[in-house]
>>> print(open('my_file-v5.pdb').read())   # PDB, C-alpha atoms
ATOM      1  CA  THR U   1     123.073 135.121  24.481
ATOM      2  CA  ARG U   2     119.713 136.820  24.410
ATOM      3  CA  LEU U   3     120.675 139.336  27.095
ATOM      4  CA  SER U   4     123.830 140.549  25.358
ATOM      5  CA  SER U   5     122.118 140.738  21.941
ATOM      6  CA  THR U   6     119.409 142.921  23.518
ATOM      7  CA  SER U   7     122.066 145.222  24.945
ATOM      8  CA  GLU U   8     123.814 145.454  21.563
ATOM      9  CA  GLU U   9     120.535 146.381  19.845
ATOM     10  CA  SER U  10     119.709 149.033  22.455
ATOM     11  CA  SER U  11     123.210 150.539  22.289
ATOM     12  CA  ARG U  12     123.052 150.726  18.471
ATOM     13  CA  SER U  13     119.675 152.443  18.513
ATOM     14  CA  ASP U  14     120.512 154.875  21.319
ATOM     15  CA  PRO U  15     123.950 156.588  21.241
ATOM     16  CA  THR U  16     123.684 157.441  24.958
ATOM     17  CA  LEU U  17     123.881 153.699  25.677
ATOM     18  CA  ASP U  18     126.801 153.016  23.333
ATOM     19  CA  PHE U  19     129.897 152.601  25.523
ATOM     20  CA  THR U  20     132.192 153.962  22.803
ATOM     21  CA  SER U  21     130.040 156.988  21.910
ATOM     22  CA  GLU U  22     130.931 160.571  22.852
ATOM     23  CA  SER U  23     127.361 161.025  24.131
ATOM     24  CA  PHE U  24     127.465 157.934  26.397
ATOM     25  CA  ASP U  25     125.382 158.446  29.563
ATOM     26  CA  PRO U  26     126.696 156.228  32.395
ATOM     27  CA  LEU U  27     123.712 156.897  34.667
ATOM     28  CA  LYS U  28     121.254 155.880  31.974
ATOM     29  CA  ALA U  29     123.372 152.799  31.250
ATOM     30  CA  LEU U  30     123.256 151.776  34.921
ATOM     31  CA  TYR U  31     119.453 151.908  34.957
ATOM     32  CA  THR U  32     118.993 150.126  31.617
ATOM     33  CA  ARG U  33     118.097 146.452  32.128
ATOM     34  CA  GLY U  34     120.145 143.947  30.188
ATOM     35  CA  LEU U  35     122.866 146.362  29.090
ATOM     36  CA  VAL U  36     126.218 144.587  29.264
ATOM     37  CA  PRO U  37     129.621 146.277  28.810
ATOM     38  CA  PRO U  38     131.506 145.164  25.682
ATOM     39  CA  VAL U  39     134.415 143.955  27.833
ATOM     40  CA  PRO U  40     134.019 141.856  30.990
ATOM     41  CA  VAL U  41     134.410 144.151  33.996
ATOM     42  CA  ARG U  42     135.974 143.093  37.269
ATOM     43  CA  PRO U  43     134.964 145.344  40.190
ATOM     44  CA  LEU U  44     137.643 147.121  42.213
ATOM     45  CA  THR U  45     136.762 145.809  45.658
ATOM     46  CA  THR U  46     139.752 146.897  47.726
ATOM     47  CA  LEU U  47     141.801 150.018  48.081
ATOM     48  CA  ALA U  48     144.861 148.181  46.780
ATOM     49  CA  SER U  49     143.039 147.164  43.601
ATOM     50  CA  CYS U  50     142.314 150.846  42.873
ATOM     51  CA  ARG U  51     146.060 151.575  42.586
ATOM     52  CA  ILE U  52     145.882 150.811  38.857
ATOM     53  CA  LEU U  53     143.749 153.963  38.446
ATOM     54  CA  LEU U  54     146.547 156.254  39.678
ATOM     55  CA  PRO U  55     148.653 158.088  37.098
ATOM     56  CA  PRO U  56     151.812 156.170  36.137
ATOM     57  CA  SER U  57     154.011 158.894  37.656
ATOM     58  CA  HIS U  58     152.500 158.341  41.146
ATOM     59  CA  PRO U  59     154.771 156.350  43.502
ATOM     60  CA  ASP U  60     151.912 154.018  44.493
ATOM     61  CA  TYR U  61     150.932 153.246  40.892
ATOM     62  CA  LEU U  62     150.524 149.511  40.334
ATOM     63  CA  VAL U  63     151.862 147.935  37.148
ATOM     64  CA  VAL U  64     149.554 145.049  36.251
ATOM     65  CA  ASN U  65     150.182 142.381  33.608
ATOM     66  CA  ARG U  66     152.581 144.529  31.664
ATOM     67  CA  VAL U  67     155.790 143.187  30.216
ATOM     68  CA  LEU U  68     158.657 145.250  31.475
ATOM     69  CA  PRO U  69     161.256 146.127  28.859
ATOM     70  CA  THR U  70     164.562 144.339  29.124
ATOM     71  CA  PRO U  71     167.282 146.620  30.404
ATOM     72  CA  PRO U  72     169.972 147.710  27.948
ATOM     73  CA  PRO U  73     173.487 146.324  28.379
ATOM     74  CA  ALA U  74     175.377 147.667  31.367
ATOM     75  CA  GLN U  75     177.022 151.045  30.829
ATOM     76  CA  PRO U  76     179.080 153.200  33.143
ATOM     77  CA  GLU U  77     176.947 154.907  35.756
ATOM     78  CA  PRO U  78     176.060 158.505  34.876
ATOM     79  CA  VAL U  79     176.320 161.289  37.404
ATOM     80  CA  VAL U  80     173.299 161.122  39.688
ATOM     81  CA  ALA U  81     170.976 164.080  39.177
ATOM     82  CA  PRO U  82     169.059 165.565  42.109
ATOM     83  CA  PRO U  83     165.544 164.172  42.564
ATOM     84  CA  PRO U  84     162.827 165.964  40.590
ATOM     85  CA  PRO U  85     160.833 168.569  42.491
ATOM     86  CA  LYS U  86     157.596 167.478  44.115
ATOM     87  CA  VAL U  87     154.586 167.409  41.832
ATOM     88  CA  ARG U  88     152.408 170.322  42.834
ATOM     89  CA  ASN U  89     148.697 170.870  42.446
ATOM     90  CA  ASP U  90     148.004 174.063  40.454
ATOM     91  CA  THR U  91     144.771 174.749  42.341
ATOM     92  CA  LEU U  92     146.518 174.422  45.690
ATOM     93  CA  ASP U  93     149.374 176.626  44.442
ATOM     94  CA  GLN U  94     146.846 179.331  43.476
ATOM     95  CA  PHE U  95     145.135 179.013  46.874
ATOM     96  CA  ALA U  96     148.485 179.275  48.683
ATOM     97  CA  GLU U  97     149.459 182.324  46.618
ATOM     98  CA  LYS U  98     146.165 184.058  47.372
ATOM     99  CA  GLU U  99     146.474 183.346  51.100
ATOM    100  CA  SER U 100     150.049 184.650  51.309
ATOM    101  CA  GLU U 101     148.935 187.902  49.673
ATOM    102  CA  ARG U 102     146.083 188.265  52.168
ATOM    103  CA  GLY U 103     148.253 187.827  55.242
ATOM    104  CA  GLY U 104     147.083 186.177  58.431
ATOM    105  CA  PRO U 105     147.705 182.708  59.837
ATOM    106  CA  LEU U 106     147.044 180.875  56.570
ATOM    107  CA  ALA U 107     149.742 183.009  54.917
ATOM    108  CA  LEU U 108     152.367 181.408  57.161
ATOM    109  CA  LEU U 109     151.021 177.945  56.347
ATOM    110  CA  SER U 110     151.126 178.714  52.618
ATOM    111  CA  GLU U 111     154.756 179.837  53.004
ATOM    112  CA  PHE U 112     155.592 176.471  54.569
ATOM    113  CA  TYR U 113     153.821 174.800  51.633
ATOM    114  CA  LYS U 114     155.678 176.832  48.994
ATOM    115  CA  LYS U 115     159.087 176.256  50.609
ATOM    116  CA  ASN U 116     158.525 172.483  50.985
ATOM    117  CA  VAL U 117     159.576 172.577  54.643
ATOM    118  CA  ARG U 118     158.849 169.999  57.325
ATOM    119  CA  VAL U 119     156.309 171.184  59.853
ATOM    120  CA  LYS U 120     155.612 170.248  63.448
ATOM    121  CA  VAL U 121     151.908 170.015  64.308
ATOM    122  CA  VAL U 122     150.702 169.841  67.911
ATOM    123  CA  ILE U 123     147.448 167.877  68.122
ATOM    124  CA  ARG U 124     144.815 167.938  70.842
ATOM    125  CA  ARG U 125     142.112 165.703  72.265
ATOM    126  CA  ALA U 126     138.911 167.016  73.819
ATOM    127  CA  ALA U 127     140.524 168.171  77.064
ATOM    128  CA  ASP U 128     144.290 167.864  76.656
ATOM    129  CA  ILE U 129     147.209 167.623  74.238
ATOM    130  CA  ARG U 130     147.440 164.285  72.441
ATOM    131  CA  GLY U 131     150.959 164.784  71.070
ATOM    132  CA  TYR U 132     152.720 166.105  67.999
ATOM    133  CA  CYS U 133     153.711 164.977  64.527
ATOM    134  CA  GLU U 134     156.390 166.139  62.121
ATOM    135  CA  GLY U 135     156.093 165.724  58.369
ATOM    136  CA  ASP U 136     156.352 167.231  54.891
ATOM    137  CA  LEU U 137     153.369 169.489  54.177
ATOM    138  CA  VAL U 138     151.806 168.314  50.912
ATOM    139  CA  ALA U 139     148.359 169.939  51.024
ATOM    140  CA  PHE U 140     146.100 172.081  53.197
ATOM    141  CA  ASP U 141     142.802 173.920  52.976
ATOM    142  CA  LYS U 142     141.012 176.869  54.568
ATOM    143  CA  HIS U 143     139.793 174.644  57.428
ATOM    144  CA  TRP U 144     143.421 173.839  58.359
ATOM    145  CA  ASN U 145     143.036 170.202  57.289
ATOM    146  CA  LEU U 146     146.553 168.999  56.434
ATOM    147  CA  ILE U 147     148.093 166.147  54.491
ATOM    148  CA  LEU U 148     151.597 165.257  55.649
ATOM    149  CA  LEU U 149     154.074 162.774  54.159
ATOM    150  CA  ASN U 150     156.879 160.856  55.906
ATOM    151  CA  VAL U 151     155.412 161.573  59.309
ATOM    152  CA  PHE U 152     157.009 160.978  62.696
ATOM    153  CA  GLU U 153     154.407 161.051  65.468
ATOM    154  CA  ARG U 154     154.824 161.074  69.255
ATOM    155  CA  TYR U 155     151.605 160.773  71.227
ATOM    156  CA  THR U 156     150.082 159.686  74.516
ATOM    157  CA  PRO U 157     147.426 156.991  74.106
ATOM    158  CA  ASN U 158     144.082 157.745  75.691
ATOM    159  CA  VAL U 159     143.963 155.428  78.709
ATOM    160  CA  GLU U 160     141.601 155.463  81.654
ATOM    161  CA  GLN U 161     143.397 156.428  84.863
ATOM    162  CA  ASP U 162     142.293 155.996  88.429
ATOM    163  CA  GLU U 163     141.107 159.233  89.993
ATOM    164  CA  GLU U 164     143.178 158.408  93.080
ATOM    165  CA  ASP U 165     146.422 157.815  91.156
ATOM    166  CA  THR U 166     147.353 161.213  89.670
ATOM    167  CA  THR U 167     151.112 160.714  89.928
ATOM    168  CA  THR U 168     151.410 158.012  87.244
ATOM    169  CA  LYS U 169     152.054 159.372  83.772
ATOM    170  CA  ALA U 170     150.726 157.565  80.734
ATOM    171  CA  PRO U 171     153.567 156.286  78.518
ATOM    172  CA  THR U 172     154.228 158.095  75.251
ATOM    173  CA  LYS U 173     154.392 156.167  72.016
ATOM    174  CA  THR U 174     156.038 156.956  68.708
ATOM    175  CA  ARG U 175     155.328 155.775  65.203
ATOM    176  CA  THR U 176     156.287 156.559  61.632
ATOM    177  CA  VAL U 177     153.557 156.895  59.028
ATOM    178  CA  LYS U 178     153.954 157.254  55.261
ATOM    179  CA  GLN U 179     150.994 159.628  54.853
ATOM    180  CA  LEU U 180     148.730 161.280  57.424
ATOM    181  CA  PHE U 181     145.585 163.415  57.234
ATOM    182  CA  VAL U 182     145.284 165.803  60.175
ATOM    183  CA  LYS U 183     141.835 167.231  60.757
ATOM    184  CA  GLY U 184     141.936 170.997  61.218
ATOM    185  CA  ASP U 185     139.840 171.172  64.361
ATOM    186  CA  SER U 186     142.351 169.005  66.258
ATOM    187  CA  ILE U 187     145.335 171.289  65.530
ATOM    188  CA  VAL U 188     146.689 173.437  68.353
ATOM    189  CA  LEU U 189     149.914 174.766  66.810
ATOM    190  CA  ILE U 190     151.908 174.506  63.588
ATOM    191  CA  SER U 191     155.573 175.469  63.364
ATOM    192  CA  GLN U 192     158.524 174.862  61.099
ATOM    193  CA  CYS U 193     160.778 171.964  62.139
ATOM    194  CA  LYS U 194     164.323 172.857  63.101
TER     195      LYS U 194
END
>>> encode(input="my_file-v5.pdb", output="structure tokens")
Amino acid sequence: TRLSSTSEESSRSDPTLDFTSESFDPLKALYTRGLVPPVPVRPLTTLASCRILLPPSHPDYLVVNRVLPTPPPAQPEPVVAPPPPKVRNDTLDQFAEKESERGGPLALLSEFYKKNVRVKVVIRRAADIRGYCEGDLVAFDKHWNLILLNVFERYTPNVEQDEEDTTTKAPTKTRTVKQLFVKGDSIVLISQCK
């Protein structure tokens, strides 16, 4: 077609528009009219479709249109080795190390991170305690934002109560979540689980 031949000519004349060039400029390519990628591109429209971009070692990695190798003939089961240690982020490890040297509240949090312990986090609402959650601490930052895995949460839903009826307690609910982000400004207390 005329449009694709124009894009081929422009990419040959300008290396910043050649998709295979080391000097390819994606921003310039986006603003160039008629430039078409050499391979048809299907947009990633949902979060689930982005799973193919994860590294293959990630547990949520999605194998798409790949032929799985046939398993070898059955052999006696080997001794089961312990699971590999959690994959750690070098930058977060350096941050945790620096905070434990400094001392202070973040030093305790970095110790929990280094020891891979489960933590209990008490969470608040604007005027009262919402509940607590227990999970494996995977990441944190200087603002006390946390990422927890395998989370058990017990909380009281925010329900409107009559001003006259102060004796009725709102029911507590529990849930289990695979991964949870806890915003630092809603944290009241963090402790190690027993």
>>> resolve_selection(input="my_file-v5.pdb", expression="the PyMOL selection byres ((chain U and resi 125-135) around 10)", output="PyMOL selection string")
chain U and resi 117-124+136-138+147-158+172-180+182+185-193
>>> write_last_selection(input="my_file-v5.pdb", atoms="C-alpha atoms", output="PDB file, keeping the file's coordinate frame")
ATOM      1  CA  VAL U 117     159.576 172.577  54.643  1.00  0.00           C
ATOM      2  CA  ARG U 118     158.849 169.999  57.325  1.00  0.00           C
ATOM      3  CA  VAL U 119     156.309 171.184  59.853  1.00  0.00           C
ATOM      4  CA  LYS U 120     155.612 170.248  63.448  1.00  0.00           C
ATOM      5  CA  VAL U 121     151.908 170.015  64.308  1.00  0.00           C
ATOM      6  CA  VAL U 122     150.702 169.841  67.911  1.00  0.00           C
ATOM      7  CA  ILE U 123     147.448 167.877  68.122  1.00  0.00           C
ATOM      8  CA  ARG U 124     144.815 167.938  70.842  1.00  0.00           C
ATOM      9  CA  ASP U 136     156.352 167.231  54.891  1.00  0.00           C
ATOM     10  CA  LEU U 137     153.369 169.489  54.177  1.00  0.00           C
ATOM     11  CA  VAL U 138     151.806 168.314  50.912  1.00  0.00           C
ATOM     12  CA  ILE U 147     148.093 166.147  54.491  1.00  0.00           C
ATOM     13  CA  LEU U 148     151.597 165.257  55.649  1.00  0.00           C
ATOM     14  CA  LEU U 149     154.074 162.774  54.159  1.00  0.00           C
ATOM     15  CA  ASN U 150     156.879 160.856  55.906  1.00  0.00           C
ATOM     16  CA  VAL U 151     155.412 161.573  59.309  1.00  0.00           C
ATOM     17  CA  PHE U 152     157.009 160.978  62.696  1.00  0.00           C
ATOM     18  CA  GLU U 153     154.407 161.051  65.468  1.00  0.00           C
ATOM     19  CA  ARG U 154     154.824 161.074  69.255  1.00  0.00           C
ATOM     20  CA  TYR U 155     151.605 160.773  71.227  1.00  0.00           C
ATOM     21  CA  THR U 156     150.082 159.686  74.516  1.00  0.00           C
ATOM     22  CA  PRO U 157     147.426 156.991  74.106  1.00  0.00           C
ATOM     23  CA  ASN U 158     144.082 157.745  75.691  1.00  0.00           C
ATOM     24  CA  THR U 172     154.228 158.095  75.251  1.00  0.00           C
ATOM     25  CA  LYS U 173     154.392 156.167  72.016  1.00  0.00           C
ATOM     26  CA  THR U 174     156.038 156.956  68.708  1.00  0.00           C
ATOM     27  CA  ARG U 175     155.328 155.775  65.203  1.00  0.00           C
ATOM     28  CA  THR U 176     156.287 156.559  61.632  1.00  0.00           C
ATOM     29  CA  VAL U 177     153.557 156.895  59.028  1.00  0.00           C
ATOM     30  CA  LYS U 178     153.954 157.254  55.261  1.00  0.00           C
ATOM     31  CA  GLN U 179     150.994 159.628  54.853  1.00  0.00           C
ATOM     32  CA  LEU U 180     148.730 161.280  57.424  1.00  0.00           C
ATOM     33  CA  VAL U 182     145.284 165.803  60.175  1.00  0.00           C
ATOM     34  CA  ASP U 185     139.840 171.172  64.361  1.00  0.00           C
ATOM     35  CA  SER U 186     142.351 169.005  66.258  1.00  0.00           C
ATOM     36  CA  ILE U 187     145.335 171.289  65.530  1.00  0.00           C
ATOM     37  CA  VAL U 188     146.689 173.437  68.353  1.00  0.00           C
ATOM     38  CA  LEU U 189     149.914 174.766  66.810  1.00  0.00           C
ATOM     39  CA  ILE U 190     151.908 174.506  63.588  1.00  0.00           C
ATOM     40  CA  SER U 191     155.573 175.469  63.364  1.00  0.00           C
ATOM     41  CA  GLN U 192     158.524 174.862  61.099  1.00  0.00           C
ATOM     42  CA  CYS U 193     160.778 171.964  62.139  1.00  0.00           C
TER      43      CYS U 193
END
>>> atom_distance(input="my_file-v5.pdb", atom1="atom CA of U:Phe181", atom2="atom CA of U:His58")
18.2 Å
>>> residues_around(input="my_file-v5.pdb", residues="U:Leu62", least_positions_apart="5", cutoff="9 Å", atoms="all atoms listed in the file", output="VMD selection string")
chain U and resid 48 to 54 56
>>> resolve_selection(input="my_file-v5.pdb", expression="the PyMOL selection byres ((chain U and resi 96-110) around 9)", output="list in words")
Thr91, Leu92, Asp93, Gln94, Phe95, Glu111, Phe112, Tyr113, Lys114, Lys115, Phe140, Asp141, Lys142, Trp144, Ile190 and Ser191 of chain U
>>> write_last_selection(input="my_file-v5.pdb", atoms="C-alpha atoms", output="PDB file, keeping the file's coordinate frame")
ATOM      1  CA  THR U  91     144.771 174.749  42.341  1.00  0.00           C
ATOM      2  CA  LEU U  92     146.518 174.422  45.690  1.00  0.00           C
ATOM      3  CA  ASP U  93     149.374 176.626  44.442  1.00  0.00           C
ATOM      4  CA  GLN U  94     146.846 179.331  43.476  1.00  0.00           C
ATOM      5  CA  PHE U  95     145.135 179.013  46.874  1.00  0.00           C
ATOM      6  CA  GLU U 111     154.756 179.837  53.004  1.00  0.00           C
ATOM      7  CA  PHE U 112     155.592 176.471  54.569  1.00  0.00           C
ATOM      8  CA  TYR U 113     153.821 174.800  51.633  1.00  0.00           C
ATOM      9  CA  LYS U 114     155.678 176.832  48.994  1.00  0.00           C
ATOM     10  CA  LYS U 115     159.087 176.256  50.609  1.00  0.00           C
ATOM     11  CA  PHE U 140     146.100 172.081  53.197  1.00  0.00           C
ATOM     12  CA  ASP U 141     142.802 173.920  52.976  1.00  0.00           C
ATOM     13  CA  LYS U 142     141.012 176.869  54.568  1.00  0.00           C
ATOM     14  CA  TRP U 144     143.421 173.839  58.359  1.00  0.00           C
ATOM     15  CA  ILE U 190     151.908 174.506  63.588  1.00  0.00           C
ATOM     16  CA  SER U 191     155.573 175.469  63.364  1.00  0.00           C
TER      17      SER U 191
END
>>> atom_distance(input="my_file-v5.pdb", atom1="atom CA of U:Asn145", atom2="atom CA of U:Ser57")
25.2 Å
>>> atom_distance(input="my_file-v5.pdb", atom1="atom CA of U:Leu30", atom2="atom CA of U:Leu17")
9.5 Å
>>> closest_residue(input="my_file-v5.pdb", among="U:His143, U:Ala170, U:Lys183, U:Phe19", to="U:Val39", atoms="all atoms listed in the file")
U:Phe19
>>> closest_residue(input="my_file-v5.pdb", among="U:Asp60, U:Asn116, U:Arg33, U:Thr16", to="U:Ala139", atoms="all atoms listed in the file")
U:Asn116
